[in-house]
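Report on one structure; see the data block that follows.
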Amino acid sequence: QVQLVESGGGLVQAGGSLRLSCAASGHVSRIITMGWYRQGLGKEREVVATINDAGITNYADSVKGRFTISKNNEKSLTYLQMKSLKPEDTSVYFCYARSTYRANPDYWGQGTQVTVSS
């Protein structure tokens with residue numbers, strides 16, 4: 001089992017920056033991919049960024065060049081550095097982990113609110 005806890009959300013003005021953190025615990029050695037998703041009010045959850053064991057990253061087109069995902073070698077911490085924030089980035093941001101568990105490979109944090117004011 002894996003547990004994920006996010007922190008770092010809040011209110012920021014457009015153009016500002018925030019850094020989200022995700023602390024993983026449990027069987028972190030079973031994690032093969034970490035990521036961040038977001039869900040705006042009345043919208044579906046969408047992927048923001050992912051990073052795998054090899055350090056390969058992928059970003060949604062809407063955040064490329066503004067957001068950076070990173071992790072520590074122990075896979076216990078994952079970060080999302082967000083710059084040049086826009087009002088449309090306002091969402092609940094969820095930390096995500098894909099593990100090697102066959103029965104239940106996907107894990108989610110409880111979410112952290114990011115609000116960008118214009």
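Ordered as shown in the structure tokens, chains take letters A, B, and onward, while each chain numbers its residues from 1 and ligands are numbered from 1 in the order shown.
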
Could you pull the residues within 6 Å of segment 18-34 of chain A, counting only C-alpha atoms, minus those fewer than 2 positions along the same chain, as a PyMOL selection string? chain A and resi 1-8+50-53+76-82+96-100

Where does DSSP see helix (DSSP H, G or I) in segment 25-99 of chain A, if you list the residues as an NGL selection string? :A and (28-30 or 87-89)

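When only C-alpha atoms are used to measure the gap to Lys86 of chain A, the shortest distance among A:Ala14, A:Val48, A:Ile69, A:Val114 belongs to A:Ala14.
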
With a distance cut-off of 12 Å and only C-alpha atoms, select the neighbouring residues of Val47 of chain A, excluding the residue or stretch itself and same-chain residues fewer than 4 positions from it, and output the selection as a list in words.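 So the residues in contact are Met34, Gly35, Trp36, Tyr37, Arg38, Gln39, Gly40, Ile51, Asn58, Tyr59, Ala60, Asp61, Ser62, Val63, Ser91, Val92, Tyr93, Phe94, Cys95 and Tyr96 of chain A.
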
Among chain A, which ones does DSSP place in strand (DSSP E), written as number ranges by chain? A: 2-7, 10-13, 18-26, 31-39, 46-52, 57-59, 67-71, 77-82, 91-99, 106-108, 112-117

When you count only C-alpha atoms, which of these residues is closest to Ser84 of chain A: A:Lys71, A:Arg102, A:Arg45, A:Lys64?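 Smallest distance to Ser84 of chain A is found for A:Lys64.
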
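Nearest-residue note for Lys83 of chain A: choosing from A:Thr112, A:Asn104, A:Gln13, A:Ser118, the minimum distance belongs to A:Gln13, counting only C-alpha atoms.
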